[in-house]
Each structure stands twice: as structure tokens, then as C-alpha cells.
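The data block below is protein.cif; it holds mmCIF, C-alpha atoms and all ligand atoms.
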data_input
loop_
_atom_site.label_atom_id
_atom_site.label_comp_id
_atom_site.auth_asym_id
_atom_site.auth_seq_id
_atom_site.Cartn_x
_atom_site.Cartn_y
_atom_site.Cartn_z
CA MET L 1 15.14 -3.20 26.21
CA ASP L 2 16.54 -2.94 22.68
CA PHE L 3 17.21 -6.15 20.81
CA LEU L 4 20.08 -5.92 18.30
CA ARG L 5 20.37 -8.74 15.80
CA PRO L 6 23.36 -8.35 13.45
CA THR L 7 23.75 -11.05 10.80
CA THR L 8 27.47 -10.64 10.11
CA TRP L 9 30.53 -10.42 12.37
CA ALA L 10 31.38 -6.97 10.97
CA ASP L 11 27.89 -5.72 11.87
CA ALA L 12 28.15 -7.28 15.34
CA LEU L 13 31.42 -5.41 15.99
CA ALA L 14 29.90 -2.17 14.67
CA ALA L 15 26.86 -2.63 16.93
CA LYS L 16 29.08 -3.25 20.00
CA ALA L 17 31.16 -0.15 19.14
CA GLU L 18 28.02 1.95 18.90
CA ARG L 19 26.35 0.39 21.97
CA PRO L 20 29.16 -0.78 24.31
CA GLU L 21 26.60 -1.23 27.10
CA ALA L 22 24.76 -3.89 25.07
CA THR L 23 24.94 -7.39 26.59
CA PRO L 24 26.00 -10.04 24.08
CA ILE L 25 23.89 -13.18 24.10
CA GLN L 26 24.98 -16.50 22.55
CA GLY L 27 23.39 -19.62 24.11
CA GLY L 28 21.63 -17.42 26.66
CA THR L 29 22.01 -20.03 29.40
CA ASP L 30 23.54 -17.42 31.71
CA VAL L 31 22.04 -14.24 30.28
CA MET L 32 18.43 -15.45 30.32
CA VAL L 33 18.73 -16.72 33.88
CA GLU L 34 19.97 -13.30 35.01
CA ILE L 35 17.11 -11.56 33.22
CA ASN L 36 14.49 -14.00 34.49
CA LEU L 37 15.74 -13.60 38.04
CA ASP L 38 15.63 -9.82 37.59
CA LYS L 39 19.34 -9.42 38.33
CA GLY L 40 19.61 -6.20 36.33
CA ARG L 41 17.94 -5.48 33.04
CA PRO L 42 20.38 -4.75 30.18
CA ALA L 43 19.65 -1.63 28.14
CA ALA L 44 20.16 -3.75 25.03
CA LEU L 45 20.78 -7.37 24.07
CA LEU L 46 23.18 -8.08 21.23
CA ASP L 47 22.11 -11.43 19.80
CA LEU L 48 25.09 -13.18 18.16
CA ASN L 49 23.18 -16.28 17.08
CA PRO L 50 22.55 -15.16 13.49
CA VAL L 51 26.29 -14.55 12.94
CA ALA L 52 27.30 -17.59 10.88
CA GLU L 53 31.07 -16.94 11.21
CA LEU L 54 30.91 -17.74 14.93
CA ARG L 55 29.49 -21.23 14.39
CA ASP L 56 32.66 -22.62 12.78
CA TRP L 57 35.81 -24.14 14.15
CA SER L 58 39.04 -24.62 12.24
CA SER L 59 42.46 -26.07 12.79
CA GLU L 60 45.87 -24.69 11.91
CA ASP L 61 49.46 -25.40 13.01
CA GLY L 62 48.43 -27.65 15.89
CA TRP L 63 45.83 -25.21 17.22
CA LEU L 64 42.05 -25.37 17.17
CA ARG L 65 40.17 -22.12 16.71
CA ILE L 66 36.74 -22.62 18.21
CA GLY L 67 34.20 -20.01 17.14
CA ALA L 68 32.25 -18.32 19.92
CA GLY L 69 29.01 -19.92 18.70
CA VAL L 70 30.19 -23.57 18.89
CA SER L 71 28.09 -25.36 21.52
CA TYR L 72 29.45 -27.72 24.16
CA THR L 73 27.67 -30.60 22.41
CA ARG L 74 29.49 -29.93 19.15
CA LEU L 75 32.79 -29.43 20.94
CA ILE L 76 32.40 -32.84 22.64
CA ASP L 77 31.31 -34.61 19.45
CA GLU L 78 33.63 -32.97 16.95
CA LEU L 79 36.74 -32.00 18.93
CA GLY L 80 36.76 -34.34 21.93
CA ASP L 81 39.58 -36.49 20.56
CA ARG L 82 41.91 -33.49 20.17
CA LEU L 83 40.87 -31.63 23.33
CA PRO L 84 40.13 -34.36 25.87
CA GLY L 85 40.42 -32.13 28.95
CA LEU L 86 38.04 -29.48 27.63
CA ALA L 87 35.66 -32.18 26.37
CA GLN L 88 35.58 -33.88 29.79
CA ALA L 89 34.78 -30.57 31.44
CA SER L 90 32.14 -29.80 28.80
CA ARG L 91 30.41 -33.11 29.52
CA THR L 92 29.85 -32.01 33.10
CA VAL L 93 28.13 -28.72 32.16
CA GLY L 94 24.44 -28.67 33.09
CA SER L 95 22.30 -31.08 31.08
CA PRO L 96 22.03 -32.05 27.39
CA GLN L 97 19.74 -29.06 26.80
CA ILE L 98 22.24 -26.65 28.37
CA ARG L 99 25.13 -28.22 26.44
CA ASN L 100 23.18 -27.85 23.19
CA ARG L 101 22.88 -24.11 23.74
CA GLY L 102 25.81 -23.13 25.98
CA THR L 103 29.27 -22.24 24.72
CA VAL L 104 32.82 -21.91 26.01
CA ALA L 105 32.74 -18.26 24.89
CA GLY L 106 29.69 -17.71 27.11
CA ASN L 107 31.52 -19.37 30.00
CA LEU L 108 34.39 -16.92 29.40
CA GLY L 109 32.02 -13.97 29.06
CA ALA L 110 30.40 -14.82 32.38
CA ALA L 111 33.85 -15.42 33.96
CA SER L 112 32.39 -17.19 36.98
CA PRO L 113 35.11 -18.74 39.15
CA ALA L 114 33.01 -21.94 38.98
CA GLY L 115 32.79 -22.16 35.17
CA ASP L 116 33.80 -25.64 34.08
CA SER L 117 35.72 -24.77 30.94
CA HIS L 118 38.24 -22.57 32.76
CA PRO L 119 40.50 -25.20 34.41
CA PRO L 120 41.22 -27.13 31.19
CA LEU L 121 41.71 -23.88 29.25
CA LEU L 122 44.29 -22.81 31.85
CA ALA L 123 46.00 -26.22 31.86
CA SER L 124 46.43 -26.12 28.10
CA ASP L 125 47.51 -22.46 27.72
CA ALA L 126 44.54 -21.39 25.62
CA LEU L 127 44.19 -17.96 24.03
CA VAL L 128 41.04 -15.84 23.87
CA GLU L 129 40.59 -14.11 20.54
CA ALA L 130 38.95 -10.76 21.26
CA GLU L 131 37.92 -8.36 18.53
CA SER L 132 36.45 -4.88 18.12
CA VAL L 133 36.23 -2.41 15.27
CA ARG L 134 39.69 -1.30 16.46
CA GLY L 135 41.24 -4.67 15.66
CA SER L 136 41.86 -8.14 17.03
CA ARG L 137 44.05 -9.37 19.90
CA LEU L 138 44.91 -12.68 21.54
CA ILE L 139 44.59 -12.69 25.32
CA PRO L 140 46.55 -15.44 27.12
CA ILE L 141 44.02 -17.30 29.26
CA GLY L 142 45.98 -16.60 32.44
CA GLU L 143 45.44 -12.87 31.87
CA PHE L 144 41.77 -13.13 30.99
CA TYR L 145 40.19 -13.51 34.44
CA LEU L 146 40.37 -10.27 36.42
CA GLY L 147 38.03 -10.92 39.35
CA VAL L 148 34.74 -12.55 40.31
CA LYS L 149 32.72 -12.44 37.07
CA ARG L 150 35.12 -9.89 35.57
CA ASN L 151 37.23 -10.45 32.50
CA ALA L 152 39.75 -8.59 30.37
CA LEU L 153 37.39 -7.64 27.53
CA GLU L 154 37.09 -3.94 26.75
CA PRO L 155 33.53 -2.58 26.53
CA ASP L 156 33.60 -2.55 22.73
CA GLU L 157 35.14 -6.02 22.39
CA LEU L 158 33.52 -9.38 21.64
CA ILE L 159 34.97 -12.86 21.84
CA ARG L 160 35.47 -14.11 18.31
CA ALA L 161 36.94 -17.50 19.21
CA VAL L 162 38.93 -19.51 21.71
CA ARG L 163 42.22 -20.97 20.51
CA VAL L 164 43.40 -24.17 22.15
CA PRO L 165 46.49 -26.20 21.20
CA TYR L 166 45.91 -29.87 20.35
CA ALA L 167 46.52 -32.05 23.38
CA ASP L 168 50.16 -33.19 23.23
CA GLY L 169 49.67 -35.60 26.14
CA PRO L 170 47.05 -36.88 28.55
CA GLN L 171 44.55 -34.39 29.98
CA TYR L 172 42.08 -34.94 32.80
CA PHE L 173 39.37 -32.94 34.54
CA SER L 174 37.65 -33.59 37.83
CA LYS L 175 34.70 -31.78 39.41
CA ILE L 176 33.01 -32.12 42.74
CA GLY L 177 29.38 -31.17 43.04
CA THR L 178 26.65 -31.79 45.53
CA ARG L 179 25.14 -34.32 43.09
CA ASN L 180 26.20 -35.88 39.80
CA ALA L 181 24.53 -33.66 37.19
CA MET L 182 23.14 -30.14 36.79
CA VAL L 183 25.38 -28.77 39.42
CA ILE L 184 27.77 -25.87 39.90
CA ALA L 185 31.21 -27.04 40.95
CA VAL L 186 32.05 -27.03 44.64
CA CYS L 187 35.56 -27.10 43.23
CA SER L 188 37.25 -28.51 40.16
CA PHE L 189 40.69 -29.26 38.81
CA ALA L 190 42.34 -29.97 35.46
CA VAL L 191 45.76 -31.34 34.64
CA ALA L 192 47.51 -31.53 31.27
CA LEU L 193 50.81 -33.29 30.64
CA HIS L 194 52.99 -31.79 27.92
CA PRO L 195 55.64 -34.48 27.30
CA SER L 196 57.12 -32.71 24.28
CA ARG L 197 58.36 -29.91 26.52
CA ARG L 198 58.45 -31.91 29.74
CA GLY L 199 55.80 -29.59 31.16
CA VAL L 200 52.71 -29.81 33.34
CA GLY L 201 49.64 -27.54 33.15
CA THR L 202 47.04 -27.11 35.86
CA GLY L 203 43.77 -25.26 36.38
CA ILE L 204 41.80 -24.75 39.58
CA GLY L 205 38.08 -23.89 39.55
CA SER L 206 35.71 -22.58 42.18
CA ALA L 207 38.38 -22.20 44.83
CA ALA L 208 39.53 -18.57 44.43
CA PRO L 209 38.02 -15.29 43.16
CA THR L 210 39.11 -16.34 39.66
CA PRO L 211 40.04 -19.61 38.02
CA ARG L 212 43.81 -19.96 38.42
CA ARG L 213 46.80 -22.20 37.86
CA ALA L 214 49.05 -23.75 40.49
CA PRO L 215 52.49 -22.72 39.14
CA GLU L 216 54.54 -24.14 42.01
CA ALA L 217 52.81 -27.50 41.68
CA GLU L 218 53.41 -27.49 37.91
CA GLU L 219 57.10 -26.76 38.28
CA PHE L 220 57.55 -29.33 41.03
CA LEU L 221 55.82 -32.14 39.14
CA ALA L 222 57.52 -31.39 35.80
CA GLY L 223 60.88 -31.81 37.53
CA GLU L 224 59.90 -35.04 39.31
CA LEU L 225 58.21 -37.07 36.55
CA ASP L 226 60.30 -39.76 34.90
CA TRP L 227 59.40 -38.65 31.37
CA ASP L 228 61.72 -41.11 29.58
CA GLY L 229 61.59 -44.18 31.84
CA ARG L 230 57.89 -43.70 32.59
CA THR L 231 58.26 -45.34 35.99
CA ALA L 232 55.38 -45.02 38.47
CA VAL L 233 54.95 -41.71 40.28
CA PRO L 234 56.09 -42.19 43.90
CA ASP L 235 53.28 -41.68 46.45
CA GLU L 236 55.30 -38.93 48.09
CA THR L 237 55.50 -37.00 44.78
CA ALA L 238 51.77 -37.31 44.19
CA ARG L 239 51.07 -36.22 47.76
CA ARG L 240 53.33 -33.17 47.44
CA PHE L 241 51.73 -32.25 44.11
CA GLY L 242 48.30 -32.36 45.76
CA GLU L 243 49.55 -30.24 48.62
CA LEU L 244 50.99 -27.60 46.29
CA VAL L 245 47.78 -27.48 44.24
CA ALA L 246 45.71 -27.00 47.40
CA ARG L 247 48.10 -24.32 48.58
CA ALA L 248 47.62 -22.34 45.35
CA ALA L 249 43.89 -21.98 46.01
CA SER L 250 42.23 -19.39 48.24
CA PRO L 251 38.70 -20.69 48.69
CA ILE L 252 35.94 -19.33 50.89
CA ASP L 253 33.09 -20.88 52.88
CA ASP L 254 29.84 -20.57 50.95
CA VAL L 255 26.55 -22.39 50.38
CA ARG L 256 28.21 -25.07 48.28
CA GLY L 257 31.09 -25.98 50.56
CA THR L 258 33.53 -24.87 53.20
CA ARG L 259 37.01 -23.55 52.67
CA ASP L 260 38.54 -26.55 54.42
CA TYR L 261 36.57 -29.05 52.37
CA ARG L 262 37.67 -27.35 49.13
CA VAL L 263 41.33 -27.38 50.15
CA HIS L 264 41.10 -31.07 51.02
CA ALA L 265 39.16 -31.95 47.85
CA LEU L 266 41.61 -30.11 45.59
CA ALA L 267 44.54 -32.12 46.93
CA VAL L 268 42.59 -35.34 46.34
CA MET L 269 41.54 -34.34 42.81
CA ALA L 270 45.10 -33.30 41.95
CA ARG L 271 46.48 -36.70 43.04
CA ARG L 272 43.70 -38.57 41.25
CA THR L 273 43.93 -36.74 37.94
CA LEU L 274 47.71 -37.10 38.03
CA GLY L 275 47.25 -40.86 38.55
CA TRP L 276 44.89 -41.12 35.55
CA ALA L 277 47.14 -38.98 33.35
CA TRP L 278 50.34 -40.83 34.24
CA THR L 279 48.73 -44.24 33.75
CA GLU L 280 47.64 -43.14 30.29
CA TYR L 281 51.11 -41.77 29.52
CA ARG L 282 52.79 -45.00 30.59
CA GLY L 283 50.44 -46.94 28.30
CA ILE L 284 51.11 -44.85 25.18
C1 LIG L 301 20.47 -25.14 34.39
C2 LIG L 301 21.86 -24.61 34.17
C3 LIG L 301 22.95 -25.40 34.48
C4 LIG L 301 24.25 -24.92 34.28
N1 LIG L 301 25.30 -25.73 34.60
C5 LIG L 301 26.56 -25.28 34.41
C6 LIG L 301 27.67 -26.11 34.73
O1 LIG L 301 27.52 -27.26 35.16
N2 LIG L 301 28.92 -25.61 34.51
C7 LIG L 301 29.13 -24.35 34.02
O2 LIG L 301 30.29 -23.95 33.84
N3 LIG L 301 28.08 -23.54 33.72
C8 LIG L 301 26.83 -23.97 33.89
N4 LIG L 301 25.76 -23.15 33.60
C9 LIG L 301 26.03 -21.79 33.12
C10 LIG L 301 26.07 -21.64 31.58
O3 LIG L 301 25.40 -22.70 30.93
C11 LIG L 301 27.53 -21.59 31.08
O4 LIG L 301 28.23 -20.53 31.69
C12 LIG L 301 27.62 -21.44 29.55
O5 LIG L 301 28.95 -21.67 29.15
C13 LIG L 301 27.16 -20.07 29.05
O6 LIG L 301 27.25 -20.10 27.63
P1 LIG L 301 26.14 -19.32 26.75
O7 LIG L 301 26.57 -19.42 25.33
O8 LIG L 301 24.77 -19.81 27.07
O9 LIG L 301 26.34 -17.85 27.28
P2 LIG L 301 25.32 -16.62 27.37
O10 LIG L 301 24.32 -16.81 28.45
O11 LIG L 301 24.79 -16.26 26.03
O12 LIG L 301 26.37 -15.49 27.83
C14 LIG L 301 27.09 -15.61 29.03
C15 LIG L 301 27.96 -14.37 29.24
O13 LIG L 301 28.93 -14.27 28.21
C16 LIG L 301 28.75 -13.08 27.44
N5 LIG L 301 29.01 -13.45 26.05
C17 LIG L 301 28.41 -14.44 25.32
N6 LIG L 301 28.99 -14.52 24.10
C18 LIG L 301 29.94 -13.56 24.06
C19 LIG L 301 30.88 -13.14 23.07
N7 LIG L 301 30.96 -13.74 21.86
N8 LIG L 301 31.72 -12.13 23.36
C20 LIG L 301 31.68 -11.53 24.60
N9 LIG L 301 30.82 -11.88 25.57
C21 LIG L 301 29.97 -12.89 25.30
C22 LIG L 301 27.33 -12.64 27.74
O14 LIG L 301 27.12 -11.25 27.57
C23 LIG L 301 27.17 -13.06 29.18
O15 LIG L 301 27.79 -12.12 30.03
C24 LIG L 301 24.45 -23.61 33.76
C25 LIG L 301 23.33 -22.82 33.43
C26 LIG L 301 22.06 -23.31 33.63
C27 LIG L 301 20.88 -22.44 33.26
#
Just give me the structure of the file as C-alpha cells.
Amino acid sequence: MDFLRPTTWADALAAKAERPEATPIQGGTDVMVEINLDKGRPAALLDLNPVAELRDWSSEDGWLRIGAGVSYTRLIDELGDRLPGLAQASRTVGSPQIRNRGTVAGNLGAASPAGDSHPPLLASDALVEAESVRGSRLIPIGEFYLGVKRNALEPDELIRAVRVPYADGPQYFSKIGTRNAMVIAVCSFAVALHPSRRGVGTGIGSAAPTPRRAPEAEEFLAGELDWDGRTAVPDETARRFGELVARAASPIDDVRGTRDYRVHALAVMARRTLGWAWTEYRGI
């Protein structure tokens, strides 16, 4: 196995153009597990850790640009106040050791339907900044996930950064696992309220071949919430929201949970996260 170790972003892009079959490695918390379990041996590893440009984040025009090398730990510590949904999800990833190494870009690269960063990225309309020697493009998060562990990157492309707008309202994430820590989601859900545009964002994890939104639920809730008066959400509205979220999923039975359990749990998580978000909104 060849080990490629560029030290600049330009060299990393050149290496990926020359060796499109090379597997990028950032934190290695997915890649190393695959190699150790002998699930295919890459012809080459492209180590992005020496590339200093990837370790930065910046902010511009209400957006955060999070470099592909920014760990979950740094995201939680440094950006948690501006991205509460993504920070909550990041806190549930693995253990402190995994969060010190693992990255949102790696979560996107792996594109597992169970990845914890996906629901909040969907709920807040994030963009994936992909780059190759041919140029750079922004992929809307809803177009990024193509199938189980498949994403929209071309073979010569790398993720440069993830762009996420500052939270413009309450954001919440909920995850069900078979225990409290170090666990892959049985299913997960994120909600983001966007009061400035009277909008609602959602993201469903681990309950379909790809992470996905629940557009009907979003539209329904946005039309029902009393944005100006901030009166309590009627039980019937919350129940219907939960139902529409559950209906947007297409889960399967697997070792972590049954289809029916996931459908039920999603409706519960949708109602709960809505309750937390609306309580926060009413208190602002
Ligand atoms: C013990 C343990 C517990 C875990 N718990 C969780 C959990 O609770 N929730 C969860 O979501 N995940 C969990 N994971 C999985 C993993 O930690 C996450 O998916 C993490 O986000 C991967 O980030 P990384 O930087 O380590 O990625 P890597 O392993 O380096 O890469 C992952 C994938 O992304 C690609 N990639 C990396 N960087 C780039 C880039 N810049 N451009 C293009 N492709 C790139 C790689 O080629 C690979 O396909 C766990 C893993 C372990 C070992």
C-alpha cells in the first residue's frame, strides 16, 4: 500500500488527481477500522493530516467554513455556541478519543446513513465545499448523499470544508442507541427553527438508505407555529409533526433495531426536539 503525505492543499489535490483511487485519511477513525478489519485494502492512502489549511475554520457573512481537518472536539469547544445542533450531535460521537481525531468531513466522506453529523447538517442547509485540480464547487447537503456509504464526490475531488450558516434559532438533536455512549445510532433526528424566514429544518439519521429531510413535516410545522405570538404548540400539531417525520423515513430491520421501532422512535424524537426548540424560542 502506498502512503501519500502531501503537506499543502495544492499538493493534496494534485496527488488525488494523479491517484484517484487513493483513499483520503483524516482522523482515520473510519479508515483504520476498515483496514484493521480487512474490509478491502486501499491501493494508496492519502494522508491529509499534514495539510495545515484544513485545520482552520473561519466565519464570513453569517456562515462558518469548517476546514476538513477540524476535529469534533474543536467544533464543540470553539463553535458550539453558533452551531448548537451540530455541536450536540458531535458530543454523541464515540468517545473523547474518537472526538479528538474524528471530523465532520470524515463523517461526510464515509456517508454512513447512521453518521451523527448528517441530521443537523441537513436541518441547517449546510454546503459541502468539494475541490479538485479542476476547481471548487459547493454541494448542497441534500444532494450530497447518493446511497448507502455513497456520496456525490468525484474520484478526483476532496472535501475542503463544510459550510454551515450560523444558527438563526433553536436547534436540537436527539439520538437513540443501545446504550448511552460509544454507540452507532439506532436512529436520530435533528430540528432547526429558522424564525427569520418562518422556516423549519429537519434531518433524519439511520432510518433510510441515506440521511434525509422530512419536507412535508417541515412545511406543515412552519405553517402551524405561532411565530409572532409564541403561544404553546398544540399537542395535535406536535403529534402530526411526529407522524410526518416518521412517514418520511424508510427504515429496515437490522441488528440495531426493527423498522417498527425506528418509525415509532422517530415520531417521539420529533415531538421531543420540537418541544425543546419551541420552549427555547418562547424564552428568547
Ligand atoms: C469506536 C468508534 C466509535 C464511533 N462512534 C461514532 C458515532 O457515535 N457516531 C458517528 O457518526 N460515527 C462514529 N464513528 C465513526 C467515525 O468516528 C466518524 O465517521 C468520523 O466522523 C470519521 O472522521 P475521520 O476524520 O476519522 O474520518 P476518516 O476515517 O479519516 O475518513 C472517513 C471517510 O472519509 C473520507 N475522507 C476523510 N477526509 C476526507 C476529505 N477531506 N475529502 C474526502 N474524503 C475524505 C475517507 O477516505 C473515508 O472514506 C465511530 C468510530 C469508532 C472507531
- prompt: Mind listing the residues within 6 Å of ligand LIG 301 (chain L), all atoms listed in the file counted, as a PyMOL selection string?
  reply: chain L and resi 23-31+68+92-94+98+101-107+109-110+115-116+158-160+182-184
- prompt: Quick one, how far is CA of Pro170 in chain L from CA of Phe220 in chain L?
  reply: 18.0 Å
task: Point out the residue among L:Trp278, L:Arg55, L:Arg41, L:Thr202 with the least atom-to-atom distance to Gly229 in chain L, counting only C-alpha atoms.
output: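 For Gly229 in chain L, the nearest of the given residues is L:Trp278.
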Counting all atoms listed in the file, which residues in range 212-245 of chain L sit no more than 12 Å from range 136-145 of chain L? For each one, give the nearest pair of atoms and the distance in Å, sorted by chain then residue number, as a Markdown table.
| residue | atom | partner | partner_atom | distance |
| --- | --- | --- | --- | --- |
| L:Arg212 | CA | L:Gly142 | CA | 7.2 |
| L:Arg213 | CA | L:Gly142 | CA | 7.8 |
| L:Ala214 | CA | L:Gly142 | CA | 11.2 |
| L:Pro215 | CA | L:Gly142 | CA | 11.2 |
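You can rank L:Val164, L:Met1, L:Gly223, L:Ala126 by their closest distance to Gly62 in chain L using only C-alpha atoms, and at the top of that list sits L:Val164.
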Take range 197-228 of chain L, model N, CA and C atoms, and hand the result over as a JSON list (two decimals), in the frame of the given file.
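Output file rebuild_10.json is given in full below:
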[["chain", "number", "residue", "atom", "x", "y", "z"],
["L", 197, "ARG", "N", 57.51, -30.92, 25.86],
["L", 197, "ARG", "CA", 58.36, -29.91, 26.52],
["L", 197, "ARG", "C", 58.56, -30.22, 28.00],
["L", 198, "ARG", "N", 58.27, -31.47, 28.35],
["L", 198, "ARG", "CA", 58.45, -31.91, 29.74],
["L", 198, "ARG", "C", 57.75, -30.94, 30.70],
["L", 199, "GLY", "N", 56.52, -30.57, 30.36],
["L", 199, "GLY", "CA", 55.80, -29.59, 31.16],
["L", 199, "GLY", "C", 54.49, -30.14, 31.72],
["L", 200, "VAL", "N", 53.99, -29.45, 32.72],
["L", 200, "VAL", "CA", 52.71, -29.81, 33.34],
["L", 200, "VAL", "C", 51.85, -28.55, 33.41],
["L", 201, "GLY", "N", 50.58, -28.67, 33.02],
["L", 201, "GLY", "CA", 49.64, -27.54, 33.15],
["L", 201, "GLY", "C", 48.57, -27.90, 34.16],
["L", 202, "THR", "N", 48.10, -26.88, 34.89],
["L", 202, "THR", "CA", 47.04, -27.11, 35.86],
["L", 202, "THR", "C", 45.99, -26.00, 35.77],
["L", 203, "GLY", "N", 44.81, -26.28, 36.27],
["L", 203, "GLY", "CA", 43.77, -25.26, 36.38],
["L", 203, "GLY", "C", 42.88, -25.59, 37.56],
["L", 204, "ILE", "N", 42.63, -24.58, 38.38],
["L", 204, "ILE", "CA", 41.80, -24.75, 39.58],
["L", 204, "ILE", "C", 40.50, -23.97, 39.38],
["L", 205, "GLY", "N", 39.36, -24.59, 39.68],
["L", 205, "GLY", "CA", 38.08, -23.89, 39.55],
["L", 205, "GLY", "C", 37.35, -23.81, 40.87],
["L", 206, "SER", "N", 36.61, -22.73, 41.03],
["L", 206, "SER", "CA", 35.71, -22.58, 42.18],
["L", 206, "SER", "C", 36.42, -22.62, 43.54],
["L", 207, "ALA", "N", 37.64, -22.16, 43.57],
["L", 207, "ALA", "CA", 38.38, -22.20, 44.83],
["L", 207, "ALA", "C", 39.24, -20.95, 45.00],
["L", 208, "ALA", "N", 38.83, -19.86, 44.36],
["L", 208, "ALA", "CA", 39.53, -18.57, 44.43],
["L", 208, "ALA", "C", 38.63, -17.56, 43.73],
["L", 209, "PRO", "N", 38.89, -16.26, 43.84],
["L", 209, "PRO", "CA", 38.02, -15.29, 43.16],
["L", 209, "PRO", "C", 38.00, -15.48, 41.64],
["L", 210, "THR", "N", 39.08, -16.03, 41.09],
["L", 210, "THR", "CA", 39.11, -16.34, 39.66],
["L", 210, "THR", "C", 39.63, -17.76, 39.48],
["L", 211, "PRO", "N", 39.34, -18.36, 38.33],
["L", 211, "PRO", "CA", 40.04, -19.61, 38.02],
["L", 211, "PRO", "C", 41.53, -19.31, 37.98],
["L", 212, "ARG", "N", 42.36, -20.25, 38.40],
["L", 212, "ARG", "CA", 43.81, -19.96, 38.42],
["L", 212, "ARG", "C", 44.61, -21.25, 38.28],
["L", 213, "ARG", "N", 45.89, -21.07, 37.96],
["L", 213, "ARG", "CA", 46.80, -22.20, 37.86],
["L", 213, "ARG", "C", 47.47, -22.43, 39.22],
["L", 214, "ALA", "N", 48.23, -23.49, 39.29],
["L", 214, "ALA", "CA", 49.05, -23.75, 40.49],
["L", 214, "ALA", "C", 50.49, -23.86, 40.01],
["L", 215, "PRO", "N", 51.18, -22.71, 39.79],
["L", 215, "PRO", "CA", 52.49, -22.72, 39.14],
["L", 215, "PRO", "C", 53.55, -23.51, 39.90],
["L", 216, "GLU", "N", 53.53, -23.42, 41.23],
["L", 216, "GLU", "CA", 54.54, -24.14, 42.01],
["L", 216, "GLU", "C", 54.37, -25.65, 41.85],
["L", 217, "ALA", "N", 53.11, -26.07, 41.84],
["L", 217, "ALA", "CA", 52.81, -27.50, 41.68],
["L", 217, "ALA", "C", 53.25, -27.98, 40.30],
["L", 218, "GLU", "N", 53.02, -27.13, 39.29],
["L", 218, "GLU", "CA", 53.41, -27.49, 37.91],
["L", 218, "GLU", "C", 54.91, -27.69, 37.82],
["L", 219, "GLU", "N", 55.64, -26.72, 38.36],
["L", 219, "GLU", "CA", 57.10, -26.76, 38.28],
["L", 219, "GLU", "C", 57.66, -27.97, 39.03],
["L", 220, "PHE", "N", 57.10, -28.20, 40.22],
["L", 220, "PHE", "CA", 57.55, -29.33, 41.03],
["L", 220, "PHE", "C", 57.36, -30.65, 40.27],
["L", 221, "LEU", "N", 56.14, -30.86, 39.76],
["L", 221, "LEU", "CA", 55.82, -32.14, 39.14],
["L", 221, "LEU", "C", 56.63, -32.34, 37.85],
["L", 222, "ALA", "N", 56.77, -31.27, 37.06],
["L", 222, "ALA", "CA", 57.52, -31.39, 35.80],
["L", 222, "ALA", "C", 58.94, -31.87, 36.07],
["L", 223, "GLY", "N", 59.51, -31.43, 37.19],
["L", 223, "GLY", "CA", 60.88, -31.81, 37.53],
["L", 223, "GLY", "C", 60.98, -33.22, 38.11],
["L", 224, "GLU", "N", 59.86, -33.74, 38.63],
["L", 224, "GLU", "CA", 59.90, -35.04, 39.31],
["L", 224, "GLU", "C", 59.53, -36.21, 38.40],
["L", 225, "LEU", "N", 58.71, -35.94, 37.37],
["L", 225, "LEU", "CA", 58.21, -37.07, 36.55],
["L", 225, "LEU", "C", 59.35, -37.70, 35.75],
["L", 226, "ASP", "N", 59.29, -39.02, 35.66],
["L", 226, "ASP", "CA", 60.30, -39.76, 34.90],
["L", 226, "ASP", "C", 59.81, -39.87, 33.45],
["L", 227, "TRP", "N", 59.99, -38.77, 32.71],
["L", 227, "TRP", "CA", 59.40, -38.65, 31.37],
["L", 227, "TRP", "C", 59.89, -39.74, 30.42],
["L", 228, "ASP", "N", 61.17, -40.11, 30.52],
["L", 228, "ASP", "CA", 61.72, -41.11, 29.58],
["L", 228, "ASP", "C", 61.45, -42.54, 30.05]]
